[in-house]
Amino acid sequence: MSSSAPVRTRFAPSPTGYLHVGGARTALYCWLYARKTKGKFILRIEDTDLERSTQESVQAIIDAMEWLNLEYDEGPYYQTKRFDRYKEVVQQLLTEGKAYRCYCSKERLEKLREEQMARKEKPRYDGFCRDRKEPGEGPYVIRFKNPQTGAVEFDDLIRGKLVFENTELDDLIIARSDGTPTYNFTVVVDDWDMKITHVIRGDDHINNTPRQINILRALGATPPQYAHVSMILGSDGKRLSKRHGAVGVMQYREEGYLPEALLNYLVRLGWSHGDQEIFSMDELINLFDIKGINKAPSAFNPEKLLWLNQHYIKSSDPQHVAKELQWHMDQLGIDTTQGPPLTEVVTALSERAKTLREMAEKSRYFYTDLQYNDEAVKKNLTLDVAPALTEIREQFTNLNDWSKEPIHHVIQATADKLGLKMGKIAQPLRVAVTGDTISPPIDITLMLLGRDRVISRLDSALRLCS
């Protein structure tokens, strides 16, 4: 691609499962680079593995991209809808003598592999059918005629100059015996047709890159620029997997993380800007540079992600947090129409919850029937506190202004009248209206619960005092 061509990046997951956090980081890097350069970000679903690809996985990828707000400018394109195009390009390579039919049986290839392994050679196709003139019999695959001399050189935007000798690359199968195209071939045709200028992907694809460059050159296409990102490791230094905890993006949503927290965490797994830890999306777009991505692998630190999540819960617009919290309330089957606005609950609980799932659990009592903690009831709802709760109930019934200050005044005045410390009244009152000993400040809690609910719960609590 010429350097003046508008930047076009792509994220191209295979729909064989959920969107992994490593894939999400790759998508984020592609998205950021496209946004920074005012280019285009394309979503391509690489679903040619017909046995393992599922519609559920496609939907899981699209849902995750939507939740992360990584909006794509084009797509999603599906490889399974482009088979005619791949056949056309296979035929072009055959016609031009740049590909050939290989009739070698599985048995011959297996024997060849065993012999090479016995000689401690790298297993590879030996080119047996490469110069065959007459058509054979039986099934065949189509192989690309890889150059036999020279080398593939390219400047990786992260790793610098990489060189692969063509003698190390065998003749790649580009179409299977049933006619379906192979991964390395479909990627090439797609990147060419979609005018991709920058391929940012995991370093597990490095060995595919020289093969893909050779096919692109055989087609007369200029290869894109490549940037290979190191893998994400678990805290034990091994490749990140399920044993380290959640690895699917939507699992983080279920666990109560905000998308901004996950994105902010992922971008820093391999990229940095000085010592800055927290970035807005606008800052990331402005500061992001592919050349700032580290070559070394990064270790996933769940505690750091949790810290970031708590920061975003505390500092984000309560309306935005409330929208995510609503999803969690829905998951728990809590009807939030019968209680305070969720934005006010977020404001009250933002300092007290590290995740939105925790916040949802801690705010149940604002919307559902009370579930008492027996231990808290036994300790706090005693005969001694009944007069104070009765007095407060009476005062609340006649309180015209149901807001924080008047509520606080009633509690304080009752404490003064009965010669009690504030805590001696506040904690029994908290248990009476929330069922437990922990909540936001008691005046805010009561205000959010509403007068009718508070009086009803005080009545129930008074019946429990013994």
# chains A, B, ... in the order shown; residues from 1 in each chain; ligands from 1

call {"tool": "select_by_dssp", "arguments": {"residues": "range 200-285 of chain A", "states": "helix (DSSP H, G or I)", "output": "PyMOL selection string"}}
result
chain A and resi 203-205+208-218+242-244+249-254+259-267+281-285

call {"tool": "residues_around", "arguments": {"residues": "Gln251 in chain A", "least_positions_apart": "2", "cutoff": "12 Å", "atoms": "only C-alpha atoms", "output": "list in words"}}
result
Tyr18, Leu19, His20, Val21, Ala60, Asp63, Ala64, Trp67, Lys242, Gly245, Ala246, Val247, Gly248, Val249, Arg253, Glu254, Glu255, Gly256, Tyr257, Leu258, Pro259, Leu262 and Arg357 of chain A

call {"tool": "closest_residue", "arguments": {"among": "A:Pro6, A:Gly39, A:Gly450, A:Pro441", "to": "Thr347 in chain A", "atoms": "only C-alpha atoms"}}
result
A:Pro441

call {"tool": "residues_around", "arguments": {"residues": "range 334-343 of chain A", "least_positions_apart": "6", "cutoff": "9 Å", "atoms": "only C-alpha atoms", "output": "mmCIF file with N, CA and C atoms, in the first residue's frame"}}
result
data_model
loop_
_atom_site.group_PDB
_atom_site.id
_atom_site.type_symbol
_atom_site.label_atom_id
_atom_site.label_comp_id
_atom_site.auth_asym_id
_atom_site.auth_seq_id
_atom_site.Cartn_x
_atom_site.Cartn_y
_atom_site.Cartn_z
ATOM 1 N N ASP A 317 -19.818 9.649 34.813
ATOM 2 C CA ASP A 317 -21.155 10.251 34.911
ATOM 3 C C ASP A 317 -22.117 9.198 35.473
ATOM 4 N N PRO A 318 -22.812 9.511 36.586
ATOM 5 C CA PRO A 318 -23.732 8.527 37.188
ATOM 6 C C PRO A 318 -24.766 7.977 36.201
ATOM 7 N N GLN A 319 -25.152 8.793 35.223
ATOM 8 C CA GLN A 319 -26.134 8.303 34.237
ATOM 9 C C GLN A 319 -25.562 7.162 33.411
ATOM 10 N N HIS A 320 -24.279 7.279 33.051
ATOM 11 C CA HIS A 320 -23.617 6.224 32.273
ATOM 12 C C HIS A 320 -23.490 4.955 33.116
ATOM 13 N N VAL A 321 -23.047 5.122 34.363
ATOM 14 C CA VAL A 321 -22.894 3.955 35.254
ATOM 15 C C VAL A 321 -24.258 3.308 35.505
ATOM 16 N N ALA A 322 -25.285 4.154 35.658
ATOM 17 C CA ALA A 322 -26.644 3.645 35.919
ATOM 18 C C ALA A 322 -27.144 2.785 34.761
ATOM 19 N N LYS A 323 -26.753 3.163 33.547
ATOM 20 C CA LYS A 323 -27.185 2.387 32.371
ATOM 21 C C LYS A 323 -26.606 0.971 32.435
ATOM 22 N N LEU A 325 -25.548 -0.440 35.283
ATOM 23 C CA LEU A 325 -26.117 -1.046 36.487
ATOM 24 C C LEU A 325 -27.500 -1.623 36.199
ATOM 25 N N GLN A 326 -28.260 -0.939 35.346
ATOM 26 C CA GLN A 326 -29.600 -1.431 34.980
ATOM 27 C C GLN A 326 -29.511 -2.836 34.394
ATOM 28 N N HIS A 328 -27.344 -5.095 35.089
ATOM 29 C CA HIS A 328 -27.113 -6.048 36.186
ATOM 30 C C HIS A 328 -28.382 -6.277 37.001
ATOM 31 N N ALA A 360 -25.122 -3.837 42.490
ATOM 32 C CA ALA A 360 -26.494 -4.335 42.286
ATOM 33 C C ALA A 360 -26.956 -5.144 43.501
ATOM 34 N N ARG A 364 -30.211 -4.036 46.452
ATOM 35 C CA ARG A 364 -31.460 -4.812 46.357
ATOM 36 C C ARG A 364 -32.562 -4.217 47.236
ATOM 37 N N PHE A 366 -33.423 -1.428 48.077
ATOM 38 C CA PHE A 366 -34.137 -0.238 47.604
ATOM 39 C C PHE A 366 -35.361 -0.625 46.761
ATOM 40 N N TYR A 367 -35.364 -1.868 46.252
ATOM 41 C CA TYR A 367 -36.380 -2.244 45.267
ATOM 42 C C TYR A 367 -37.174 -3.504 45.608
ATOM 43 N N THR A 368 -36.624 -4.348 46.471
ATOM 44 C CA THR A 368 -37.283 -5.641 46.719
ATOM 45 C C THR A 368 -37.708 -5.758 48.182
ATOM 46 N N LEU A 448 -33.588 7.801 49.915
ATOM 47 C CA LEU A 448 -33.755 7.013 48.680
ATOM 48 C C LEU A 448 -34.861 5.972 48.815
ATOM 49 N N LEU A 449 -35.023 5.410 50.001
ATOM 50 C CA LEU A 449 -36.067 4.390 50.199
ATOM 51 C C LEU A 449 -37.473 4.984 50.082
ATOM 52 N N GLY A 450 -37.621 6.235 50.477
ATOM 53 C CA GLY A 450 -38.943 6.867 50.418
ATOM 54 C C GLY A 450 -39.708 6.662 51.717
#

call {"tool": "closest_residue", "arguments": {"among": "A:Lys161, A:Lys362, A:Arg10, A:Lys40", "to": "Thr445 in chain A", "atoms": "only C-alpha atoms"}}
result
A:Lys362

call {"tool": "closest_residue", "arguments": {"among": "A:Gln92, A:Ser177, A:Gln395, A:Asn166", "to": "Leu219 in chain A", "atoms": "only C-alpha atoms"}}
result
A:Gln92

call {"tool": "residues_around", "arguments": {"residues": "Asn184 in chain A", "least_positions_apart": "6", "cutoff": "10 Å", "atoms": "only C-alpha atoms", "output": "PyMOL selection string"}}
result
chain A and resi 172-174+205+208-209+211-212+215

call {"tool": "closest_residue", "arguments": {"among": "A:Leu93, A:Met422, A:Leu381, A:Ala27", "to": "His408 in chain A", "atoms": "only C-alpha atoms"}}
result
A:Met422

call {"tool": "atom_distance", "arguments": {"atom1": "CA of Asp236 in chain A", "atom2": "CA of Glu303 in chain A"}}
result
14.3 Å

call {"tool": "atom_distance", "arguments": {"atom1": "CA of Arg217 in chain A", "atom2": "CA of Thr26 in chain A"}}
result
25.8 Å

call {"tool": "residues_around", "arguments": {"residues": "Leu370 in chain A", "least_positions_apart": "2", "cutoff": "8 Å", "atoms": "only C-alpha atoms", "output": "ChimeraX atom specification"}}
result
/A:365,368,372,433-435

call {"tool": "write_last_selection", "arguments": {"atoms": "N, CA and C atoms", "output": "PDB file, in the first residue's frame"}}
result
ATOM      1  N   TYR A 365     -32.198  -3.854  48.486  1.00  0.00           N
ATOM      2  CA  TYR A 365     -33.215  -3.447  49.469  1.00  0.00           C
ATOM      3  C   TYR A 365     -33.955  -2.168  49.078  1.00  0.00           C
ATOM      4  N   THR A 368     -36.624  -4.348  46.471  1.00  0.00           N
ATOM      5  CA  THR A 368     -37.283  -5.641  46.719  1.00  0.00           C
ATOM      6  C   THR A 368     -37.708  -5.758  48.182  1.00  0.00           C
ATOM      7  N   TYR A 372     -33.812  -9.990  56.054  1.00  0.00           N
ATOM      8  CA  TYR A 372     -33.059  -9.623  57.256  1.00  0.00           C
ATOM      9  C   TYR A 372     -31.872 -10.552  57.467  1.00  0.00           C
ATOM     10  N   VAL A 433     -34.381  -0.786  58.218  1.00  0.00           N
ATOM     11  CA  VAL A 433     -34.848  -0.414  56.870  1.00  0.00           C
ATOM     12  C   VAL A 433     -34.098  -1.128  55.737  1.00  0.00           C
ATOM     13  N   THR A 434     -32.878  -1.675  56.023  1.00  0.00           N
ATOM     14  CA  THR A 434     -32.128  -2.353  54.947  1.00  0.00           C
ATOM     15  C   THR A 434     -31.966  -3.849  55.203  1.00  0.00           C
ATOM     16  N   GLY A 435     -32.175  -4.258  56.465  1.00  0.00           N
ATOM     17  CA  GLY A 435     -32.031  -5.673  56.797  1.00  0.00           C
ATOM     18  C   GLY A 435     -30.632  -6.053  57.232  1.00  0.00           C
TER      19      GLY A 435
END

call {"tool": "select_by_dssp", "arguments": {"residues": "range 164-229 of chain A", "states": "strand (DSSP E or B)", "output": "compact mmCIF listing (two decimals) with N, CA and C atoms, in the first residue's frame"}}
result
# COMPACT_ATOMS: atom_id res chain seq x y z
N PHE A 164 12.71 -13.80 6.34
CA PHE A 164 12.39 -15.24 6.23
C PHE A 164 12.91 -15.74 4.89
N GLU A 165 13.77 -16.74 4.92
CA GLU A 165 14.27 -17.34 3.68
C GLU A 165 13.15 -18.13 3.01
N ILE A 173 -0.97 -25.01 0.89
CA ILE A 173 -2.28 -25.37 0.32
C ILE A 173 -3.17 -24.14 0.38
N ILE A 174 -3.74 -23.75 -0.76
CA ILE A 174 -4.65 -22.58 -0.76
C ILE A 174 -6.10 -23.00 -0.97
N ALA A 175 -6.33 -24.23 -1.48
CA ALA A 175 -7.70 -24.76 -1.58
C ALA A 175 -7.66 -26.25 -1.26
N PRO A 181 -11.43 -22.76 0.49
CA PRO A 181 -10.13 -22.08 0.59
C PRO A 181 -9.58 -22.19 2.01
N HIS A 198 -2.91 -1.53 7.13
CA HIS A 198 -2.17 -1.91 8.33
C HIS A 198 -2.81 -3.14 8.98
N VAL A 199 -2.03 -4.20 9.11
CA VAL A 199 -2.50 -5.42 9.77
C VAL A 199 -1.86 -5.47 11.16
N ILE A 200 -2.68 -5.23 12.18
CA ILE A 200 -2.22 -5.31 13.58
C ILE A 200 -2.83 -6.58 14.15
N ARG A 201 -1.99 -7.52 14.55
CA ARG A 201 -2.52 -8.80 15.02
C ARG A 201 -1.53 -9.46 15.97
N GLY A 202 -1.92 -10.59 16.54
CA GLY A 202 -1.09 -11.29 17.51
C GLY A 202 0.17 -11.87 16.89
N GLN A 225 1.26 -2.89 5.78
CA GLN A 225 2.27 -2.87 6.84
C GLN A 225 1.78 -3.77 7.96
N TYR A 226 2.73 -4.46 8.58
CA TYR A 226 2.36 -5.42 9.62
C TYR A 226 2.89 -4.98 10.98
N ALA A 227 2.09 -5.28 12.01
CA ALA A 227 2.51 -5.03 13.40
C ALA A 227 2.04 -6.22 14.22
N HIS A 228 2.98 -6.95 14.78
CA HIS A 228 2.63 -8.17 15.53
C HIS A 228 2.78 -7.92 17.04
N VAL A 229 1.65 -8.05 17.72
CA VAL A 229 1.54 -7.74 19.15
C VAL A 229 1.83 -8.99 19.97

call {"tool": "residues_around", "arguments": {"residues": "Ser230 in chain A", "least_positions_apart": "3", "cutoff": "10 Å", "atoms": "only C-alpha atoms", "output": "NGL selection string"}}
result
:A and (22 or 158-159 or 201-204 or 227 or 233 or 269-270 or 293-298)

call {"tool": "write_last_selection", "arguments": {"atoms": "C-alpha atoms", "output": "mmCIF file, in the first residue's frame"}}
result
data_model
loop_
_atom_site.group_PDB
_atom_site.id
_atom_site.type_symbol
_atom_site.label_atom_id
_atom_site.label_comp_id
_atom_site.auth_asym_id
_atom_site.auth_seq_id
_atom_site.Cartn_x
_atom_site.Cartn_y
_atom_site.Cartn_z
ATOM 1 C CA GLY A 22 -6.374 -10.761 23.766
ATOM 2 C CA ILE A 158 6.627 -3.295 16.531
ATOM 3 C CA ARG A 159 9.529 -5.713 16.003
ATOM 4 C CA ARG A 201 -2.518 -8.804 15.017
ATOM 5 C CA GLY A 202 -1.090 -11.286 17.508
ATOM 6 C CA ASP A 203 2.484 -12.522 17.203
ATOM 7 C CA ASP A 204 1.174 -16.077 16.727
ATOM 8 C CA ALA A 227 2.512 -5.034 13.397
ATOM 9 C CA LEU A 233 0.288 -13.868 29.920
ATOM 10 C CA LEU A 269 -1.096 -4.261 28.502
ATOM 11 C CA GLY A 270 1.706 -3.605 26.047
ATOM 12 C CA ILE A 293 3.717 -1.035 21.699
ATOM 13 C CA ASN A 294 6.211 -3.207 23.602
ATOM 14 C CA LYS A 295 7.796 -6.296 22.066
ATOM 15 C CA ALA A 296 7.718 -8.156 25.375
ATOM 16 C CA PRO A 297 4.599 -10.048 26.527
ATOM 17 C CA SER A 298 2.459 -8.446 29.257
#

call {"tool": "residues_around", "arguments": {"residues": "range 139-146 of chain A", "least_positions_apart": "2", "cutoff": "7 Å", "atoms": "only C-alpha atoms", "output": "list in words"}}
result
Lys98, Ala99, Tyr100, Arg101, Cys102, Tyr103, Glu137, Gln148, Asp170, Asp171, Leu172, Ile173, Ile174, Ala175, Arg176, Ser177 and Asn214 of chain A

call {"tool": "write_last_selection", "arguments": {"atoms": "N, CA and C atoms", "output": "PDB file, in the first residue's frame"}}
result
ATOM      1  N   LYS A  98       1.051 -19.873 -11.141  1.00  0.00           N
ATOM      2  CA  LYS A  98       1.556 -19.516  -9.808  1.00  0.00           C
ATOM      3  C   LYS A  98       0.983 -20.428  -8.718  1.00  0.00           C
ATOM      4  N   ALA A  99       0.165 -21.380  -9.141  1.00  0.00           N
ATOM      5  CA  ALA A  99      -0.389 -22.397  -8.242  1.00  0.00           C
ATOM      6  C   ALA A  99      -0.516 -23.681  -9.048  1.00  0.00           C
ATOM      7  N   TYR A 100      -0.671 -24.807  -8.364  1.00  0.00           N
ATOM      8  CA  TYR A 100      -0.757 -26.084  -9.077  1.00  0.00           C
ATOM      9  C   TYR A 100      -1.598 -27.076  -8.287  1.00  0.00           C
ATOM     10  N   ARG A 101      -2.075 -28.110  -9.015  1.00  0.00           N
ATOM     11  CA  ARG A 101      -2.856 -29.171  -8.388  1.00  0.00           C
ATOM     12  C   ARG A 101      -1.900 -30.208  -7.821  1.00  0.00           C
ATOM     13  N   CYS A 102      -2.146 -30.588  -6.552  1.00  0.00           N
ATOM     14  CA  CYS A 102      -1.299 -31.597  -5.905  1.00  0.00           C
ATOM     15  C   CYS A 102      -2.158 -32.823  -5.607  1.00  0.00           C
ATOM     16  N   TYR A 103      -1.767 -33.955  -6.184  1.00  0.00           N
ATOM     17  CA  TYR A 103      -2.537 -35.192  -6.055  1.00  0.00           C
ATOM     18  C   TYR A 103      -1.968 -36.128  -4.989  1.00  0.00           C
ATOM     19  N   GLU A 137      -5.119 -38.362 -11.291  1.00  0.00           N
ATOM     20  CA  GLU A 137      -6.434 -38.945 -11.017  1.00  0.00           C
ATOM     21  C   GLU A 137      -6.739 -38.820  -9.535  1.00  0.00           C
ATOM     22  N   GLN A 148      11.373 -20.196  -4.692  1.00  0.00           N
ATOM     23  CA  GLN A 148      12.339 -21.148  -4.118  1.00  0.00           C
ATOM     24  C   GLN A 148      13.674 -20.497  -3.791  1.00  0.00           C
ATOM     25  N   ASP A 170       7.302 -23.850   2.549  1.00  0.00           N
ATOM     26  CA  ASP A 170       6.928 -24.801   1.507  1.00  0.00           C
ATOM     27  C   ASP A 170       5.734 -24.281   0.715  1.00  0.00           C
ATOM     28  N   ASP A 171       5.265 -25.089  -0.211  1.00  0.00           N
ATOM     29  CA  ASP A 171       4.151 -24.682  -1.080  1.00  0.00           C
ATOM     30  C   ASP A 171       2.831 -24.867  -0.332  1.00  0.00           C
ATOM     31  N   LEU A 172       2.297 -23.779   0.098  1.00  0.00           N
ATOM     32  CA  LEU A 172       1.111 -23.745   0.959  1.00  0.00           C
ATOM     33  C   LEU A 172      -0.144 -24.215   0.217  1.00  0.00           C
ATOM     34  N   ILE A 173      -0.968 -25.012   0.886  1.00  0.00           N
ATOM     35  CA  ILE A 173      -2.276 -25.371   0.315  1.00  0.00           C
ATOM     36  C   ILE A 173      -3.170 -24.137   0.379  1.00  0.00           C
ATOM     37  N   ILE A 174      -3.737 -23.745  -0.760  1.00  0.00           N
ATOM     38  CA  ILE A 174      -4.646 -22.580  -0.765  1.00  0.00           C
ATOM     39  C   ILE A 174      -6.105 -23.002  -0.972  1.00  0.00           C
ATOM     40  N   ALA A 175      -6.334 -24.229  -1.475  1.00  0.00           N
ATOM     41  CA  ALA A 175      -7.702 -24.760  -1.575  1.00  0.00           C
ATOM     42  C   ALA A 175      -7.661 -26.250  -1.258  1.00  0.00           C
ATOM     43  N   ARG A 176      -8.568 -26.683  -0.396  1.00  0.00           N
ATOM     44  CA  ARG A 176      -8.617 -28.088   0.008  1.00  0.00           C
ATOM     45  C   ARG A 176      -9.241 -28.924  -1.104  1.00  0.00           C
ATOM     46  N   SER A 177      -9.253 -30.244  -0.884  1.00  0.00           N
ATOM     47  CA  SER A 177      -9.768 -31.146  -1.925  1.00  0.00           C
ATOM     48  C   SER A 177     -11.258 -30.934  -2.196  1.00  0.00           C
ATOM     49  N   ASN A 214       4.092 -13.333   0.063  1.00  0.00           N
ATOM     50  CA  ASN A 214       4.430 -13.953  -1.232  1.00  0.00           C
ATOM     51  C   ASN A 214       3.201 -14.114  -2.124  1.00  0.00           C
TER      52      ASN A 214
END

call {"tool": "closest_residue", "arguments": {"among": "A:Trp31, A:Asn309, A:Glu324, A:Lys379", "to": "Thr355 in chain A", "atoms": "only C-alpha atoms"}}
result
A:Asn309
